[in-house]
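Structure first, then comments.
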Amino acid sequence: MTGIKTYNHGLPWEGEHGIAQGYCVNHILYISGQFSHDMQGAFVGAGDIEVQTNQALMNLDRVLAEFGATRSNIAEVEIFLIDPQEHFEKCIKIFKEYVGDYRPAGTLVGVSSMSFPDQLIEIRAVAHVN
């Protein structure tokens, strides 16, 4: 892939925030933080870290697919997590199932709040595109 390509999920609020969900340049894909929303923009999984983690990862997959990439193209993942002492084990279990035997670089950051009141997790990534 040459040049710059961007991708959005097509949600009304994306244009208001001034960012792309995915931005690819020189075979490097930068993926904005993905959280728990469906493709109509409705938040899902209030209070449930497992539902939110799975939905955020599904949204991450959508961005990867738009650029012809898969989970094995992920080079780095950064997870932002509300109350990591409470949610760490469930979140990491789901994440390990998501990546399988593949091991990207990663960081998990505990945060005190997120953009949406019921949001417990946000996942951003950097991937390579062949």
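Identifiers for the structure tokens are assigned positionally: chains receive A, B, ... in sequence, residues are indexed from 1 per chain, and ligands are indexed from 1 in the order shown.
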Show which residues sit within 8 Å of A:Ala105, as number ranges by chain. Count only C-alpha atoms, and ignore same-chain residues fewer than 3 positions away. A: 75-77
Pick out the residues sitting within 7 Å of stretch 115-126 of chain A, and hand them over as a ChimeraX atom specification; count only C-alpha atoms, and ignore anything fewer than 4 positions along from it in its own chain. /A:29-35,46-47,49,52-53,56,74-82
Which of these, A:Phe88, A:Phe43, A:Phe95, A:Phe67, has the shortest distance to A:Asn8 once you count only C-alpha atoms?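 Selected residue with least distance to A:Asn8: A:Phe67.
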Take atom CA of A:Leu60 and atom CA of A:Gln21 and report the distance between them in Å, one decimal.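 Atom CA of A:Leu60 sits 9.0 Å away from atom CA of A:Gln21.
Residue nearest A:Asp101 within the list A:Leu11, A:Gly22, A:Asp83, A:Arg71: A:Arg71 [criterion: smallest interatomic distance, only C-alpha atoms].
Within stretch 2-65 of chain A, DSSP run on the backbone puts these residues in alpha helix (DSSP H): Pro12, Trp13, Glu14, Gly15, Glu16, His17, Ile49, Glu50, Val51, Gln52, Thr53, Asn54, Gln55, Ala56, Leu57, Met58, Asn59, Leu60, Asp61, Arg62, Val63, Leu64 and Ala65 of chain A.
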Please save N, CA and C atoms of the selected residues as a PDB file, in the first residue's frame.
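The resulting file, selection_9.pdb, is reproduced below:
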ATOM      1  N   PRO A  12     -22.096   8.750  12.871  1.00  0.00           N
ATOM      2  CA  PRO A  12     -22.296  10.199  12.782  1.00  0.00           C
ATOM      3  C   PRO A  12     -21.298  11.016  13.607  1.00  0.00           C
ATOM      4  N   TRP A  13     -20.918  10.546  14.750  1.00  0.00           N
ATOM      5  CA  TRP A  13     -20.039  11.328  15.636  1.00  0.00           C
ATOM      6  C   TRP A  13     -18.574  11.308  15.226  1.00  0.00           C
ATOM      7  N   GLU A  14     -18.181  10.452  14.292  1.00  0.00           N
ATOM      8  CA  GLU A  14     -16.772  10.387  13.898  1.00  0.00           C
ATOM      9  C   GLU A  14     -16.292  11.695  13.272  1.00  0.00           C
ATOM     10  N   GLY A  15     -17.081  12.291  12.398  1.00  0.00           N
ATOM     11  CA  GLY A  15     -16.700  13.548  11.771  1.00  0.00           C
ATOM     12  C   GLY A  15     -16.580  14.682  12.765  1.00  0.00           C
ATOM     13  N   GLU A  16     -17.384  14.640  13.804  1.00  0.00           N
ATOM     14  CA  GLU A  16     -17.359  15.685  14.830  1.00  0.00           C
ATOM     15  C   GLU A  16     -16.066  15.686  15.629  1.00  0.00           C
ATOM     16  N   HIS A  17     -15.402  14.536  15.733  1.00  0.00           N
ATOM     17  CA  HIS A  17     -14.219  14.421  16.581  1.00  0.00           C
ATOM     18  C   HIS A  17     -12.904  14.673  15.848  1.00  0.00           C
ATOM     19  N   ILE A  49     -17.190  -5.818  31.710  1.00  0.00           N
ATOM     20  CA  ILE A  49     -15.865  -5.737  31.075  1.00  0.00           C
ATOM     21  C   ILE A  49     -15.698  -6.776  29.980  1.00  0.00           C
ATOM     22  N   GLU A  50     -16.306  -7.934  30.124  1.00  0.00           N
ATOM     23  CA  GLU A  50     -16.169  -8.964  29.092  1.00  0.00           C
ATOM     24  C   GLU A  50     -16.864  -8.560  27.792  1.00  0.00           C
ATOM     25  N   VAL A  51     -18.078  -8.073  27.889  1.00  0.00           N
ATOM     26  CA  VAL A  51     -18.802  -7.623  26.705  1.00  0.00           C
ATOM     27  C   VAL A  51     -18.057  -6.466  26.052  1.00  0.00           C
ATOM     28  N   GLN A  52     -17.613  -5.511  26.866  1.00  0.00           N
ATOM     29  CA  GLN A  52     -16.921  -4.348  26.317  1.00  0.00           C
ATOM     30  C   GLN A  52     -15.598  -4.723  25.661  1.00  0.00           C
ATOM     31  N   THR A  53     -14.852  -5.614  26.279  1.00  0.00           N
ATOM     32  CA  THR A  53     -13.571  -6.032  25.698  1.00  0.00           C
ATOM     33  C   THR A  53     -13.797  -6.734  24.367  1.00  0.00           C
ATOM     34  N   ASN A  54     -14.737  -7.657  24.322  1.00  0.00           N
ATOM     35  CA  ASN A  54     -15.031  -8.366  23.077  1.00  0.00           C
ATOM     36  C   ASN A  54     -15.496  -7.417  21.979  1.00  0.00           C
ATOM     37  N   GLN A  55     -16.354  -6.457  22.313  1.00  0.00           N
ATOM     38  CA  GLN A  55     -16.845  -5.515  21.306  1.00  0.00           C
ATOM     39  C   GLN A  55     -15.726  -4.611  20.811  1.00  0.00           C
ATOM     40  N   ALA A  56     -14.870  -4.139  21.710  1.00  0.00           N
ATOM     41  CA  ALA A  56     -13.741  -3.292  21.301  1.00  0.00           C
ATOM     42  C   ALA A  56     -12.820  -4.061  20.350  1.00  0.00           C
ATOM     43  N   LEU A  57     -12.585  -5.330  20.639  1.00  0.00           N
ATOM     44  CA  LEU A  57     -11.733  -6.147  19.774  1.00  0.00           C
ATOM     45  C   LEU A  57     -12.399  -6.422  18.421  1.00  0.00           C
ATOM     46  N   MET A  58     -13.725  -6.589  18.414  1.00  0.00           N
ATOM     47  CA  MET A  58     -14.429  -6.750  17.138  1.00  0.00           C
ATOM     48  C   MET A  58     -14.301  -5.476  16.305  1.00  0.00           C
ATOM     49  N   ASN A  59     -14.383  -4.321  16.956  1.00  0.00           N
ATOM     50  CA  ASN A  59     -14.235  -3.055  16.237  1.00  0.00           C
ATOM     51  C   ASN A  59     -12.805  -2.898  15.722  1.00  0.00           C
ATOM     52  N   LEU A  60     -11.832  -3.358  16.496  1.00  0.00           N
ATOM     53  CA  LEU A  60     -10.438  -3.355  16.052  1.00  0.00           C
ATOM     54  C   LEU A  60     -10.294  -4.228  14.801  1.00  0.00           C
ATOM     55  N   ASP A  61     -10.916  -5.392  14.819  1.00  0.00           N
ATOM     56  CA  ASP A  61     -10.888  -6.281  13.652  1.00  0.00           C
ATOM     57  C   ASP A  61     -11.470  -5.608  12.413  1.00  0.00           C
ATOM     58  N   ARG A  62     -12.530  -4.811  12.579  1.00  0.00           N
ATOM     59  CA  ARG A  62     -13.140  -4.119  11.441  1.00  0.00           C
ATOM     60  C   ARG A  62     -12.145  -3.158  10.787  1.00  0.00           C
ATOM     61  N   VAL A  63     -11.391  -2.450  11.628  1.00  0.00           N
ATOM     62  CA  VAL A  63     -10.410  -1.514  11.082  1.00  0.00           C
ATOM     63  C   VAL A  63      -9.295  -2.281  10.377  1.00  0.00           C
ATOM     64  N   LEU A  64      -8.782  -3.322  11.019  1.00  0.00           N
ATOM     65  CA  LEU A  64      -7.733  -4.134  10.396  1.00  0.00           C
ATOM     66  C   LEU A  64      -8.187  -4.651   9.031  1.00  0.00           C
ATOM     67  N   ALA A  65      -9.400  -5.197   8.973  1.00  0.00           N
ATOM     68  CA  ALA A  65      -9.912  -5.789   7.737  1.00  0.00           C
ATOM     69  C   ALA A  65     -10.005  -4.761   6.617  1.00  0.00           C
TER      70      ALA A  65
END
Using only C-alpha atoms, which residues sit within 7 Å of A:Cys24 once same-chain residues fewer than 6 positions away are excluded, as a list in words? Ile4, Lys5, Thr6 and Tyr30 of chain A
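Among A:Tyr102, A:Gly3, A:Ser36, A:Asp48, the residue with the shortest atom-to-atom distance to A:Met114, counting only C-alpha atoms, is A:Ser36.
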Let me make sure I understand: among A:Met39, A:Gly18, A:Gln85, A:Ser72, which one has the smallest atom-to-atom distance to A:Asn130 if we use only C-alpha atoms?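 Residue with the minimum atom-to-atom distance to A:Asn130: A:Ser72.
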Please identify which residues in stretch 13-115 of chain A DSSP calls strand (DSSP E or B) from the backbone, and express them as a list in words.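 Selection result, strand (DSSP E or B) within stretch 13-115 of chain A: Gly22, Tyr23, Cys24, Val25, Ile28, Leu29, Tyr30, Ile31, Ser32, Gly33, Gln34, His37, Phe43, Ile74, Ala75, Glu76, Val77, Glu78, Ile79, Phe80, Leu81, Ile82, Ala105, Gly106, Thr107, Leu108, Val109, Gly110 and Val111 of chain A.
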Atom-to-atom span, atom CA of A:Ala42 and atom CA of A:Lys96, Å: 26.2 Å
Pairwise distance, atom CA of A:Ser113 with atom CA of A:Pro84, equals 11.9 Å
